[in-house]
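Asker: My structure is in structure37.txt, and what it holds is compact mmCIF, N, CA and C atoms:
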```
# COMPACT_ATOMS: atom_id res chain seq x y z
N MET A 203 -9.79 21.39 31.27
CA MET A 203 -10.72 20.50 30.63
C MET A 203 -11.16 19.47 31.66
N ARG A 204 -12.46 19.28 31.73
CA ARG A 204 -12.97 18.29 32.68
C ARG A 204 -14.29 17.73 32.19
N LEU A 205 -14.62 16.58 32.71
CA LEU A 205 -15.90 15.96 32.39
C LEU A 205 -16.91 16.35 33.46
N VAL A 206 -18.07 16.76 33.02
CA VAL A 206 -19.15 17.15 33.92
C VAL A 206 -20.39 16.36 33.53
N PRO A 207 -21.40 16.33 34.40
CA PRO A 207 -22.65 15.66 34.00
C PRO A 207 -23.18 16.27 32.70
N GLU A 208 -23.84 15.46 31.92
CA GLU A 208 -24.33 15.89 30.60
C GLU A 208 -25.16 17.17 30.70
N GLN A 209 -24.79 18.15 29.87
CA GLN A 209 -25.48 19.44 29.87
C GLN A 209 -26.71 19.41 28.98
N SER A 210 -26.60 18.78 27.82
CA SER A 210 -27.69 18.71 26.85
C SER A 210 -27.59 17.36 26.13
N PRO A 211 -28.72 16.69 25.94
CA PRO A 211 -28.67 15.39 25.27
C PRO A 211 -28.59 15.49 23.74
N LEU A 212 -28.66 16.70 23.18
CA LEU A 212 -28.76 16.85 21.73
C LEU A 212 -27.60 16.19 20.99
N THR A 213 -26.36 16.47 21.38
CA THR A 213 -25.23 15.90 20.64
C THR A 213 -25.21 14.37 20.76
N ARG A 214 -25.58 13.88 21.92
CA ARG A 214 -25.61 12.41 22.10
C ARG A 214 -26.71 11.80 21.25
N LEU A 215 -27.86 12.44 21.17
CA LEU A 215 -28.98 11.89 20.42
C LEU A 215 -28.79 12.01 18.91
N LEU A 216 -27.92 12.91 18.47
CA LEU A 216 -27.63 13.02 17.04
C LEU A 216 -26.75 11.87 16.55
N ALA A 217 -26.15 11.15 17.47
CA ALA A 217 -25.21 10.10 17.10
C ALA A 217 -25.86 9.02 16.24
N LEU A 218 -27.05 8.56 16.59
CA LEU A 218 -27.66 7.46 15.85
C LEU A 218 -27.96 7.82 14.40
N PRO A 219 -28.67 8.92 14.12
CA PRO A 219 -28.91 9.21 12.70
C PRO A 219 -27.62 9.49 11.92
N LEU A 220 -26.66 10.16 12.54
CA LEU A 220 -25.39 10.41 11.85
C LEU A 220 -24.62 9.12 11.63
N LEU A 221 -24.65 8.24 12.61
CA LEU A 221 -23.96 6.95 12.48
C LEU A 221 -24.60 6.13 11.36
N LEU A 222 -25.91 6.13 11.27
CA LEU A 222 -26.59 5.41 10.19
C LEU A 222 -26.21 5.99 8.83
N LEU A 223 -26.13 7.30 8.74
CA LEU A 223 -25.76 7.95 7.49
C LEU A 223 -24.32 7.60 7.09
N VAL A 224 -23.40 7.73 8.02
CA VAL A 224 -21.99 7.41 7.73
C VAL A 224 -21.83 5.92 7.43
N SER A 225 -22.49 5.07 8.20
CA SER A 225 -22.39 3.63 7.96
C SER A 225 -22.95 3.27 6.59
N GLY A 226 -24.06 3.89 6.21
CA GLY A 226 -24.62 3.65 4.88
C GLY A 226 -23.64 4.03 3.79
N GLY A 227 -22.98 5.16 3.97
CA GLY A 227 -21.97 5.59 3.00
C GLY A 227 -20.80 4.64 2.93
N LEU A 228 -20.33 4.18 4.10
CA LEU A 228 -19.21 3.23 4.11
C LEU A 228 -19.60 1.90 3.49
N ILE A 229 -20.81 1.45 3.76
CA ILE A 229 -21.28 0.18 3.16
C ILE A 229 -21.42 0.33 1.65
N ALA A 230 -22.00 1.45 1.21
CA ALA A 230 -22.15 1.68 -0.23
C ALA A 230 -20.78 1.75 -0.91
N THR A 231 -19.83 2.40 -0.25
CA THR A 231 -18.48 2.50 -0.80
C THR A 231 -17.83 1.12 -0.89
N ARG A 232 -18.10 0.30 0.09
CA ARG A 232 -17.51 -1.05 0.11
C ARG A 232 -18.16 -1.96 -0.93
N LEU A 233 -19.49 -1.87 -1.08
CA LEU A 233 -20.21 -2.77 -1.98
C LEU A 233 -20.23 -2.29 -3.44
N TYR A 234 -20.30 -0.99 -3.63
CA TYR A 234 -20.43 -0.42 -4.98
C TYR A 234 -19.39 0.67 -5.21
N PRO A 235 -18.11 0.33 -5.14
CA PRO A 235 -17.09 1.38 -5.24
C PRO A 235 -17.12 2.14 -6.56
N SER A 236 -17.38 1.45 -7.68
CA SER A 236 -17.37 2.15 -8.97
C SER A 236 -18.51 3.17 -9.04
N LEU A 237 -19.66 2.85 -8.47
CA LEU A 237 -20.77 3.79 -8.45
C LEU A 237 -20.44 5.00 -7.58
N VAL A 238 -19.94 4.74 -6.38
CA VAL A 238 -19.61 5.84 -5.45
C VAL A 238 -18.51 6.71 -6.02
N PHE A 239 -17.45 6.10 -6.54
CA PHE A 239 -16.35 6.89 -7.09
C PHE A 239 -16.77 7.63 -8.36
N GLY A 240 -17.73 7.06 -9.09
CA GLY A 240 -18.23 7.74 -10.27
C GLY A 240 -19.03 8.99 -9.92
N LEU A 241 -19.69 8.98 -8.78
CA LEU A 241 -20.49 10.13 -8.35
C LEU A 241 -19.65 11.19 -7.63
N ALA A 242 -18.52 10.77 -7.09
CA ALA A 242 -17.69 11.68 -6.29
C ALA A 242 -16.81 12.53 -7.19
N ASN A 243 -17.01 13.82 -7.13
CA ASN A 243 -16.10 14.75 -7.80
C ASN A 243 -16.04 16.03 -6.97
N CYS A 244 -15.04 16.80 -7.23
CA CYS A 244 -14.83 18.03 -6.49
C CYS A 244 -15.05 19.22 -7.41
N PRO A 245 -16.13 19.97 -7.23
CA PRO A 245 -16.38 21.12 -8.09
C PRO A 245 -15.24 22.15 -8.05
N LEU A 246 -14.66 22.39 -6.88
CA LEU A 246 -13.56 23.35 -6.78
C LEU A 246 -12.38 22.89 -7.63
N ARG A 247 -12.05 21.63 -7.52
CA ARG A 247 -10.92 21.09 -8.29
C ARG A 247 -11.24 21.07 -9.79
N ASP A 248 -12.50 20.75 -10.14
CA ASP A 248 -12.89 20.72 -11.55
C ASP A 248 -12.79 22.11 -12.18
N ILE A 249 -13.16 23.15 -11.43
CA ILE A 249 -13.19 24.51 -11.98
C ILE A 249 -11.82 25.18 -11.91
N THR A 250 -11.14 25.04 -10.77
CA THR A 250 -9.90 25.80 -10.56
C THR A 250 -8.63 24.95 -10.64
N GLY A 251 -8.77 23.64 -10.51
CA GLY A 251 -7.59 22.78 -10.47
C GLY A 251 -7.01 22.67 -9.07
N VAL A 252 -7.58 23.41 -8.11
CA VAL A 252 -7.12 23.38 -6.72
C VAL A 252 -8.04 22.44 -5.94
N PRO A 253 -7.49 21.45 -5.26
CA PRO A 253 -8.34 20.54 -4.49
C PRO A 253 -8.92 21.23 -3.26
N CYS A 254 -10.09 20.77 -2.86
CA CYS A 254 -10.70 21.30 -1.63
C CYS A 254 -10.09 20.56 -0.42
N PRO A 255 -10.33 21.05 0.78
CA PRO A 255 -9.76 20.39 1.96
C PRO A 255 -10.22 18.94 2.16
N THR A 256 -11.37 18.58 1.60
CA THR A 256 -11.86 17.21 1.78
C THR A 256 -11.62 16.33 0.56
N CYS A 257 -10.87 16.83 -0.43
CA CYS A 257 -10.54 15.99 -1.59
C CYS A 257 -9.86 14.72 -1.10
N GLY A 258 -10.24 13.62 -1.69
CA GLY A 258 -9.71 12.33 -1.26
C GLY A 258 -10.54 11.70 -0.16
N GLY A 259 -11.60 12.38 0.25
CA GLY A 259 -12.44 11.86 1.33
C GLY A 259 -13.14 10.56 0.98
N THR A 260 -13.58 10.42 -0.27
CA THR A 260 -14.24 9.18 -0.69
C THR A 260 -13.23 8.04 -0.69
N HIS A 261 -12.03 8.28 -1.18
CA HIS A 261 -10.98 7.25 -1.14
C HIS A 261 -10.60 6.92 0.30
N THR A 262 -10.61 7.94 1.15
CA THR A 262 -10.32 7.72 2.57
C THR A 262 -11.36 6.80 3.18
N ALA A 263 -12.65 7.10 2.93
CA ALA A 263 -13.74 6.27 3.48
C ALA A 263 -13.66 4.85 2.96
N ALA A 264 -13.39 4.70 1.66
CA ALA A 264 -13.28 3.36 1.08
C ALA A 264 -12.12 2.59 1.70
N SER A 265 -11.01 3.27 1.90
CA SER A 265 -9.84 2.61 2.49
C SER A 265 -10.11 2.22 3.94
N LEU A 266 -10.77 3.09 4.69
CA LEU A 266 -11.12 2.75 6.07
C LEU A 266 -12.08 1.57 6.11
N ALA A 267 -13.07 1.57 5.20
CA ALA A 267 -14.03 0.46 5.16
C ALA A 267 -13.35 -0.86 4.83
N ALA A 268 -12.26 -0.78 4.06
CA ALA A 268 -11.51 -2.00 3.70
C ALA A 268 -10.43 -2.34 4.73
N GLY A 269 -10.28 -1.49 5.76
CA GLY A 269 -9.27 -1.74 6.78
C GLY A 269 -7.87 -1.33 6.37
N GLN A 270 -7.75 -0.50 5.35
CA GLN A 270 -6.43 -0.04 4.87
C GLN A 270 -6.14 1.33 5.48
N TRP A 271 -5.65 1.32 6.70
CA TRP A 271 -5.47 2.54 7.48
C TRP A 271 -4.45 3.49 6.86
N MET A 272 -3.34 2.98 6.41
CA MET A 272 -2.29 3.84 5.87
C MET A 272 -2.71 4.47 4.54
N THR A 273 -3.43 3.72 3.73
CA THR A 273 -3.94 4.26 2.47
C THR A 273 -4.94 5.37 2.77
N ALA A 274 -5.77 5.18 3.79
CA ALA A 274 -6.74 6.21 4.18
C ALA A 274 -6.03 7.47 4.64
N LEU A 275 -5.00 7.31 5.45
CA LEU A 275 -4.25 8.47 5.92
C LEU A 275 -3.55 9.19 4.77
N ALA A 276 -3.07 8.45 3.80
CA ALA A 276 -2.40 9.07 2.66
C ALA A 276 -3.37 9.84 1.78
N ALA A 277 -4.61 9.34 1.65
CA ALA A 277 -5.60 10.00 0.80
C ALA A 277 -6.02 11.34 1.39
N ASN A 278 -6.32 11.36 2.69
CA ASN A 278 -6.67 12.61 3.37
C ASN A 278 -6.60 12.37 4.88
N PRO A 279 -5.51 12.78 5.50
CA PRO A 279 -5.35 12.51 6.93
C PRO A 279 -6.42 13.18 7.80
N VAL A 280 -6.86 14.37 7.43
CA VAL A 280 -7.86 15.07 8.24
C VAL A 280 -9.18 14.32 8.22
N VAL A 281 -9.61 13.88 7.04
CA VAL A 281 -10.86 13.13 6.93
C VAL A 281 -10.73 11.78 7.64
N ALA A 282 -9.58 11.11 7.49
CA ALA A 282 -9.38 9.81 8.13
C ALA A 282 -9.48 9.93 9.65
N VAL A 283 -8.77 10.88 10.22
CA VAL A 283 -8.81 11.06 11.67
C VAL A 283 -10.22 11.50 12.09
N GLY A 284 -10.83 12.37 11.30
CA GLY A 284 -12.18 12.83 11.62
C GLY A 284 -13.19 11.69 11.64
N LEU A 285 -13.10 10.77 10.67
CA LEU A 285 -14.01 9.63 10.66
C LEU A 285 -13.80 8.72 11.85
N VAL A 286 -12.54 8.47 12.19
CA VAL A 286 -12.25 7.60 13.34
C VAL A 286 -12.74 8.26 14.64
N VAL A 287 -12.50 9.56 14.79
CA VAL A 287 -12.99 10.28 15.98
C VAL A 287 -14.51 10.26 16.01
N PHE A 288 -15.15 10.49 14.86
CA PHE A 288 -16.61 10.44 14.80
C PHE A 288 -17.13 9.08 15.23
N LEU A 289 -16.53 8.01 14.72
CA LEU A 289 -17.00 6.67 15.09
C LEU A 289 -16.81 6.40 16.59
N GLY A 290 -15.72 6.89 17.16
CA GLY A 290 -15.53 6.76 18.61
C GLY A 290 -16.57 7.52 19.39
N TRP A 291 -16.87 8.76 18.95
CA TRP A 291 -17.91 9.57 19.60
C TRP A 291 -19.27 8.88 19.49
N ALA A 292 -19.57 8.34 18.31
CA ALA A 292 -20.85 7.69 18.10
C ALA A 292 -20.98 6.45 18.99
N LEU A 293 -19.91 5.69 19.11
CA LEU A 293 -19.93 4.51 19.97
C LEU A 293 -20.16 4.92 21.43
N TYR A 294 -19.45 5.97 21.88
CA TYR A 294 -19.68 6.48 23.24
C TYR A 294 -21.13 6.93 23.41
N SER A 295 -21.64 7.68 22.44
CA SER A 295 -23.00 8.22 22.54
C SER A 295 -24.04 7.12 22.63
N LEU A 296 -23.88 6.09 21.82
CA LEU A 296 -24.84 4.98 21.88
C LEU A 296 -24.73 4.24 23.20
N THR A 297 -23.51 4.06 23.69
CA THR A 297 -23.31 3.40 24.98
C THR A 297 -23.91 4.23 26.11
N ALA A 298 -23.72 5.55 26.06
CA ALA A 298 -24.26 6.43 27.10
C ALA A 298 -25.79 6.50 27.04
N THR A 299 -26.36 6.29 25.88
CA THR A 299 -27.81 6.27 25.77
C THR A 299 -28.37 5.04 26.48
N ILE A 300 -27.67 3.92 26.36
CA ILE A 300 -28.10 2.68 27.00
C ILE A 300 -27.81 2.71 28.50
N PHE A 301 -26.65 3.28 28.88
CA PHE A 301 -26.24 3.33 30.28
C PHE A 301 -26.18 4.79 30.73
N PRO A 302 -27.26 5.33 31.31
CA PRO A 302 -27.31 6.76 31.67
C PRO A 302 -26.20 7.22 32.60
N GLY A 303 -25.62 6.35 33.38
CA GLY A 303 -24.56 6.74 34.29
C GLY A 303 -23.30 7.20 33.57
N LEU A 304 -23.18 6.90 32.30
CA LEU A 304 -22.00 7.29 31.52
C LEU A 304 -22.15 8.65 30.85
N ARG A 305 -23.29 9.28 30.97
CA ARG A 305 -23.55 10.53 30.26
C ARG A 305 -22.74 11.67 30.85
N ARG A 306 -21.80 12.16 30.06
CA ARG A 306 -20.92 13.25 30.48
C ARG A 306 -20.78 14.25 29.34
N SER A 307 -20.42 15.46 29.70
CA SER A 307 -20.09 16.51 28.73
C SER A 307 -18.68 16.99 29.02
N LEU A 308 -18.01 17.44 28.00
CA LEU A 308 -16.67 18.00 28.15
C LEU A 308 -16.82 19.49 28.44
N SER A 309 -16.25 19.94 29.52
CA SER A 309 -16.31 21.35 29.89
C SER A 309 -14.94 21.97 29.66
N LEU A 310 -14.91 23.00 28.81
CA LEU A 310 -13.66 23.68 28.49
C LEU A 310 -13.72 25.12 28.98
N SER A 311 -12.61 25.62 29.48
CA SER A 311 -12.53 27.03 29.85
C SER A 311 -12.47 27.87 28.58
N ARG A 312 -12.59 29.18 28.72
CA ARG A 312 -12.54 30.07 27.56
C ARG A 312 -11.21 29.91 26.82
N GLY A 313 -10.11 29.83 27.54
CA GLY A 313 -8.80 29.66 26.93
C GLY A 313 -8.68 28.33 26.20
N GLU A 314 -9.23 27.27 26.78
CA GLU A 314 -9.19 25.95 26.15
C GLU A 314 -10.03 25.94 24.87
N LYS A 315 -11.17 26.64 24.90
CA LYS A 315 -12.00 26.73 23.69
C LYS A 315 -11.25 27.47 22.59
N THR A 316 -10.59 28.55 22.95
CA THR A 316 -9.80 29.31 21.97
C THR A 316 -8.67 28.45 21.40
N ALA A 317 -7.98 27.74 22.27
CA ALA A 317 -6.88 26.87 21.82
C ALA A 317 -7.40 25.77 20.90
N ALA A 318 -8.56 25.20 21.23
CA ALA A 318 -9.14 24.15 20.40
C ALA A 318 -9.53 24.69 19.02
N ARG A 319 -10.08 25.90 18.99
CA ARG A 319 -10.44 26.52 17.70
C ARG A 319 -9.19 26.80 16.86
N ILE A 320 -8.16 27.31 17.49
CA ILE A 320 -6.91 27.60 16.77
C ILE A 320 -6.31 26.29 16.24
N LEU A 321 -6.28 25.27 17.08
CA LEU A 321 -5.75 23.97 16.66
C LEU A 321 -6.55 23.42 15.48
N ALA A 322 -7.88 23.50 15.55
CA ALA A 322 -8.72 23.02 14.45
C ALA A 322 -8.43 23.79 13.17
N ALA A 323 -8.28 25.10 13.27
CA ALA A 323 -7.99 25.92 12.08
C ALA A 323 -6.63 25.57 11.49
N VAL A 324 -5.63 25.38 12.35
CA VAL A 324 -4.28 25.02 11.88
C VAL A 324 -4.31 23.66 11.19
N LEU A 325 -4.99 22.69 11.79
CA LEU A 325 -5.08 21.36 11.19
C LEU A 325 -5.83 21.41 9.86
N PHE A 326 -6.87 22.22 9.78
CA PHE A 326 -7.63 22.41 8.55
C PHE A 326 -6.72 22.95 7.44
N VAL A 327 -5.96 24.00 7.76
CA VAL A 327 -5.06 24.61 6.77
C VAL A 327 -3.95 23.63 6.38
N LEU A 328 -3.38 22.93 7.35
CA LEU A 328 -2.34 21.95 7.03
C LEU A 328 -2.88 20.82 6.16
N GLY A 329 -4.10 20.38 6.46
CA GLY A 329 -4.72 19.34 5.65
C GLY A 329 -4.95 19.80 4.23
N TRP A 330 -5.38 21.05 4.08
CA TRP A 330 -5.61 21.60 2.75
C TRP A 330 -4.27 21.75 2.00
N ALA A 331 -3.25 22.22 2.70
CA ALA A 331 -1.93 22.34 2.08
C ALA A 331 -1.42 20.97 1.63
N TYR A 332 -1.66 19.96 2.43
CA TYR A 332 -1.26 18.59 2.06
C TYR A 332 -1.98 18.16 0.78
N GLN A 333 -3.28 18.46 0.69
CA GLN A 333 -4.03 18.09 -0.51
C GLN A 333 -3.47 18.78 -1.75
N ILE A 334 -3.16 20.06 -1.62
CA ILE A 334 -2.59 20.81 -2.75
C ILE A 334 -1.23 20.23 -3.14
N TYR A 335 -0.40 19.93 -2.14
CA TYR A 335 0.91 19.34 -2.40
C TYR A 335 0.76 17.96 -3.08
N ARG A 336 -0.16 17.16 -2.56
CA ARG A 336 -0.35 15.80 -3.08
C ARG A 336 -0.78 15.82 -4.55
N VAL A 337 -1.67 16.75 -4.90
CA VAL A 337 -2.17 16.83 -6.27
C VAL A 337 -1.08 17.35 -7.22
N ASN A 338 -0.26 18.27 -6.73
CA ASN A 338 0.76 18.90 -7.59
C ASN A 338 2.08 18.15 -7.65
N SER A 339 2.21 17.05 -6.92
CA SER A 339 3.49 16.34 -6.95
C SER A 339 3.39 15.04 -7.71
```
Show the structure stored in the file as structure tokens.

Answerer:
Amino acid sequence: MRLVPEQSPLTRLLALPLLLLVSGGLIATRLYPSLVFGLANCPLRDITGVPCPTCGGTHTAASLAAGQWMTALAANPVVAVGLVVFLGWALYSLTATIFPGLRRSLSLSRGEKTAARILAAVLFVLGWAYQIYRVNS
């Protein structure tokens, strides 16, 4: 794994609209929690009783917006870590847009890409298993 000069600006340029979308959701969750929680439901859980991998994501976002890190991790650790990583990436992307000298891409070998995909799949399955355990206990 190594950093190389930026290969494509697309991922960096997507940061601003995605950051605005996520920030809007976090602000709405913070200002109007009853409205947001009233709209949030899980069709999979409603139909089958089995939670989806992102169940608890709205509670996670609300907890992060309120600065309650442990509550966010308890609601859905995968979503909590994903939001924090996303915000870090967005901050880097905005900084690199302002300062072109910081523009870098992560270069992974074929084996590293495979390992990253396997790790992501394992974390996804573990996160889903946690959601199922949390709902049934």

Asker: Using the chain letters and numbers from this document, which residues of chain A does DSSP assign to strand (DSSP E or B), as a list in words?

Answerer: Arg204, Leu205, Val206, Pro207, Arg306, Ser307, Leu308 and Ser309 of chain A

Asker: Quick check for you: according to DSSP on this backbone, which residues of stretch 207-243 of chain A are classed as alpha helix (DSSP H)? Reply as a list in words.

Answerer: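 In stretch 207-243 of chain A, DSSP puts these residues in alpha helix (DSSP H): Leu212, Thr213, Arg214, Leu215, Ala217, Leu218, Pro219, Leu220, Leu221, Leu222, Leu223, Val224, Ser225, Gly226, Gly227, Leu228, Ile229, Ala230, Thr231, Arg232, Leu233, Pro235, Ser236, Leu237, Val238, Phe239, Gly240 and Leu241 of chain A.
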
Asker: Counting only N, CA and C atoms, which residues sit no farther than 6.5 Å from the position (-19.1, 13.0, 31.2) in the file's frame? I'd like them as a list in words.

Answerer: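 Every residue inside that radius is included here: Leu205, Val206, Pro207, Glu208, Leu304, Arg305, Arg306, Ser307 and Leu308 of chain A.
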
Asker: Take the residues just selected and output them with N, CA and C atoms as a PDB file, in the coordinates of the input.

Answerer:
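Result file follows (part23.pdb):
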```
ATOM      1  N   LEU A 205     -14.620  16.580  32.710  1.00  0.00           N
ATOM      2  CA  LEU A 205     -15.900  15.960  32.390  1.00  0.00           C
ATOM      3  C   LEU A 205     -16.910  16.350  33.460  1.00  0.00           C
ATOM      4  N   VAL A 206     -18.070  16.760  33.020  1.00  0.00           N
ATOM      5  CA  VAL A 206     -19.150  17.150  33.920  1.00  0.00           C
ATOM      6  C   VAL A 206     -20.390  16.360  33.530  1.00  0.00           C
ATOM      7  N   PRO A 207     -21.400  16.330  34.400  1.00  0.00           N
ATOM      8  CA  PRO A 207     -22.650  15.660  34.000  1.00  0.00           C
ATOM      9  C   PRO A 207     -23.180  16.270  32.700  1.00  0.00           C
ATOM     10  N   GLU A 208     -23.840  15.460  31.920  1.00  0.00           N
ATOM     11  CA  GLU A 208     -24.330  15.890  30.600  1.00  0.00           C
ATOM     12  C   GLU A 208     -25.160  17.170  30.700  1.00  0.00           C
ATOM     13  N   LEU A 304     -23.180   6.900  32.300  1.00  0.00           N
ATOM     14  CA  LEU A 304     -22.000   7.290  31.520  1.00  0.00           C
ATOM     15  C   LEU A 304     -22.150   8.650  30.850  1.00  0.00           C
ATOM     16  N   ARG A 305     -23.290   9.280  30.970  1.00  0.00           N
ATOM     17  CA  ARG A 305     -23.550  10.530  30.260  1.00  0.00           C
ATOM     18  C   ARG A 305     -22.740  11.670  30.850  1.00  0.00           C
ATOM     19  N   ARG A 306     -21.800  12.160  30.060  1.00  0.00           N
ATOM     20  CA  ARG A 306     -20.920  13.250  30.480  1.00  0.00           C
ATOM     21  C   ARG A 306     -20.780  14.250  29.340  1.00  0.00           C
ATOM     22  N   SER A 307     -20.420  15.460  29.700  1.00  0.00           N
ATOM     23  CA  SER A 307     -20.090  16.510  28.730  1.00  0.00           C
ATOM     24  C   SER A 307     -18.680  16.990  29.020  1.00  0.00           C
ATOM     25  N   LEU A 308     -18.010  17.440  28.000  1.00  0.00           N
ATOM     26  CA  LEU A 308     -16.670  18.000  28.150  1.00  0.00           C
ATOM     27  C   LEU A 308     -16.820  19.490  28.440  1.00  0.00           C
TER      28      LEU A 308
END
```

Asker: I'd like the interatomic distance between atom N of A:Thr299 and atom N of A:Ala267, to a tenth of an Å.

Answerer: 25.0 Å

Asker: Counting only C-alpha atoms, which of A:Leu285, A:Val337, A:Ala318, A:Leu275 gets nearest to A:Arg247?

Answerer: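 Once distances to A:Arg247 are computed over only C-alpha atoms, the minimum belongs to A:Val337.
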
Asker: Using only C-alpha atoms, which of the listed residues (A:Glu314, A:Thr260, A:Leu218, A:Leu241) sits closest to A:Thr297?

Answerer: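 Closest residue, counting only C-alpha atoms: A:Leu218.
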
Asker: I need the residue nearest A:Arg214 from this list: A:Val281, A:Val252, A:Ile334, A:Ala292. Use all atoms listed in the file for the distance.

Answerer: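 For A:Arg214, the nearest of the given residues is A:Ala292.
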
Asker: Rounded to one decimal, what separation in Å do you get between atom N of A:Val280 and atom N of A:Thr256?

Answerer: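 The value is 8.5 Å.
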
Asker: Taking 6 positions as the minimum chain separation for residues in the same chain, which residues sit within 7 Å of A:Gly259 when counting all atoms listed in the file? Answer as a PyMOL selection string.

Answerer: chain A and resi 277-278+281-282

Asker: Can you write just those residues out, N, CA and C atoms, as an mmCIF file, keeping the file's coordinate frame?

Answerer:
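See part-v4.cif below for the written result:
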```cif
data_model
loop_
_atom_site.group_PDB
_atom_site.id
_atom_site.type_symbol
_atom_site.label_atom_id
_atom_site.label_comp_id
_atom_site.auth_asym_id
_atom_site.auth_seq_id
_atom_site.Cartn_x
_atom_site.Cartn_y
_atom_site.Cartn_z
ATOM 1 N N ALA A 277 -4.610 9.340 1.650
ATOM 2 C CA ALA A 277 -5.600 10.000 0.800
ATOM 3 C C ALA A 277 -6.020 11.340 1.390
ATOM 4 N N ASN A 278 -6.320 11.360 2.690
ATOM 5 C CA ASN A 278 -6.670 12.610 3.370
ATOM 6 C C ASN A 278 -6.600 12.370 4.880
ATOM 7 N N VAL A 281 -9.610 13.880 7.040
ATOM 8 C CA VAL A 281 -10.860 13.130 6.930
ATOM 9 C C VAL A 281 -10.730 11.780 7.640
ATOM 10 N N ALA A 282 -9.580 11.110 7.490
ATOM 11 C CA ALA A 282 -9.380 9.810 8.130
ATOM 12 C C ALA A 282 -9.480 9.930 9.650
#
```

Asker: Counting all atoms listed in the file, figure out which residue out of A:Leu216, A:Leu228, A:Val238, A:Leu296 gets nearest to A:Ala268.

Answerer: A:Leu228

Asker: Rank A:Ala323, A:Leu215, A:Leu328, A:Leu221 by their smallest atom-to-atom distance to A:Phe288, using all atoms listed in the file, and report the top residue only.

Answerer: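 Among the listed residues, the smallest separation from A:Phe288 belongs to A:Leu221.
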
Asker: Using only C-alpha atoms, pick whichever of A:Gln333, A:Asn338, A:Thr213, A:Ser311 has the shortest atom-to-atom distance to A:Cys257.

Answerer: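 Nearest to A:Cys257: A:Gln333.
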
Asker: Distance atom CA of A:Val327-atom N of A:Gly269, one decimal place?

Answerer: 26.6 Å

Asker: Can you list, as a list in words, every protein, DNA or RNA residue that comes within 12 Å of A:Gly227 when you count only C-alpha atoms, leaving out same-chain residues fewer than 5 positions away?

Answerer: Leu220, Leu221, Leu222, Arg232, Leu233, Tyr234, Pro235, Leu237, Val238, Phe239, Ala242, Gly259, Thr260, His261, Thr262, Ala263, Ala264, Leu266, Ala267 and Leu285 of chain A

Asker: Because some atoms of stretch 324-328 of chain A are absent here, can you restore all heavy atoms and send them as a JSON list (two decimals), in the frame of the given file?

Answerer:
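To be explicit, this is the file written out as result33.json:
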```json
[["chain", "number", "residue", "atom", "x", "y", "z"],
["A", 324, "VAL", "N", -5.63, 25.38, 12.35],
["A", 324, "VAL", "CA", -4.28, 25.02, 11.88],
["A", 324, "VAL", "C", -4.31, 23.66, 11.19],
["A", 324, "VAL", "O", -3.74, 23.48, 10.11],
["A", 324, "VAL", "CB", -3.27, 25.06, 13.04],
["A", 324, "VAL", "CG1", -1.95, 24.39, 12.65],
["A", 324, "VAL", "CG2", -3.03, 26.49, 13.50],
["A", 325, "LEU", "N", -4.99, 22.69, 11.79],
["A", 325, "LEU", "CA", -5.08, 21.36, 11.19],
["A", 325, "LEU", "C", -5.83, 21.41, 9.86],
["A", 325, "LEU", "O", -5.45, 20.73, 8.89],
["A", 325, "LEU", "CB", -5.76, 20.38, 12.14],
["A", 325, "LEU", "CG", -4.94, 20.01, 13.38],
["A", 325, "LEU", "CD1", -5.75, 19.11, 14.30],
["A", 325, "LEU", "CD2", -3.63, 19.37, 13.01],
["A", 326, "PHE", "N", -6.87, 22.22, 9.78],
["A", 326, "PHE", "CA", -7.63, 22.41, 8.55],
["A", 326, "PHE", "C", -6.72, 22.95, 7.44],
["A", 326, "PHE", "O", -6.68, 22.42, 6.33],
["A", 326, "PHE", "CB", -8.80, 23.36, 8.80],
["A", 326, "PHE", "CG", -9.62, 23.65, 7.59],
["A", 326, "PHE", "CD1", -10.62, 22.78, 7.19],
["A", 326, "PHE", "CD2", -9.42, 24.81, 6.86],
["A", 326, "PHE", "CE1", -11.39, 23.05, 6.06],
["A", 326, "PHE", "CE2", -10.18, 25.09, 5.74],
["A", 326, "PHE", "CZ", -11.17, 24.21, 5.34],
["A", 327, "VAL", "N", -5.96, 24.00, 7.76],
["A", 327, "VAL", "CA", -5.06, 24.61, 6.77],
["A", 327, "VAL", "C", -3.95, 23.63, 6.38],
["A", 327, "VAL", "O", -3.61, 23.50, 5.19],
["A", 327, "VAL", "CB", -4.49, 25.94, 7.30],
["A", 327, "VAL", "CG1", -3.37, 26.46, 6.42],
["A", 327, "VAL", "CG2", -5.60, 26.97, 7.43],
["A", 328, "LEU", "N", -3.38, 22.93, 7.35],
["A", 328, "LEU", "CA", -2.34, 21.95, 7.03],
["A", 328, "LEU", "C", -2.88, 20.82, 6.16],
["A", 328, "LEU", "O", -2.20, 20.36, 5.24],
["A", 328, "LEU", "CB", -1.73, 21.39, 8.31],
["A", 328, "LEU", "CG", -0.81, 22.32, 9.10],
["A", 328, "LEU", "CD1", -0.38, 21.68, 10.41],
["A", 328, "LEU", "CD2", 0.40, 22.72, 8.27]]
```
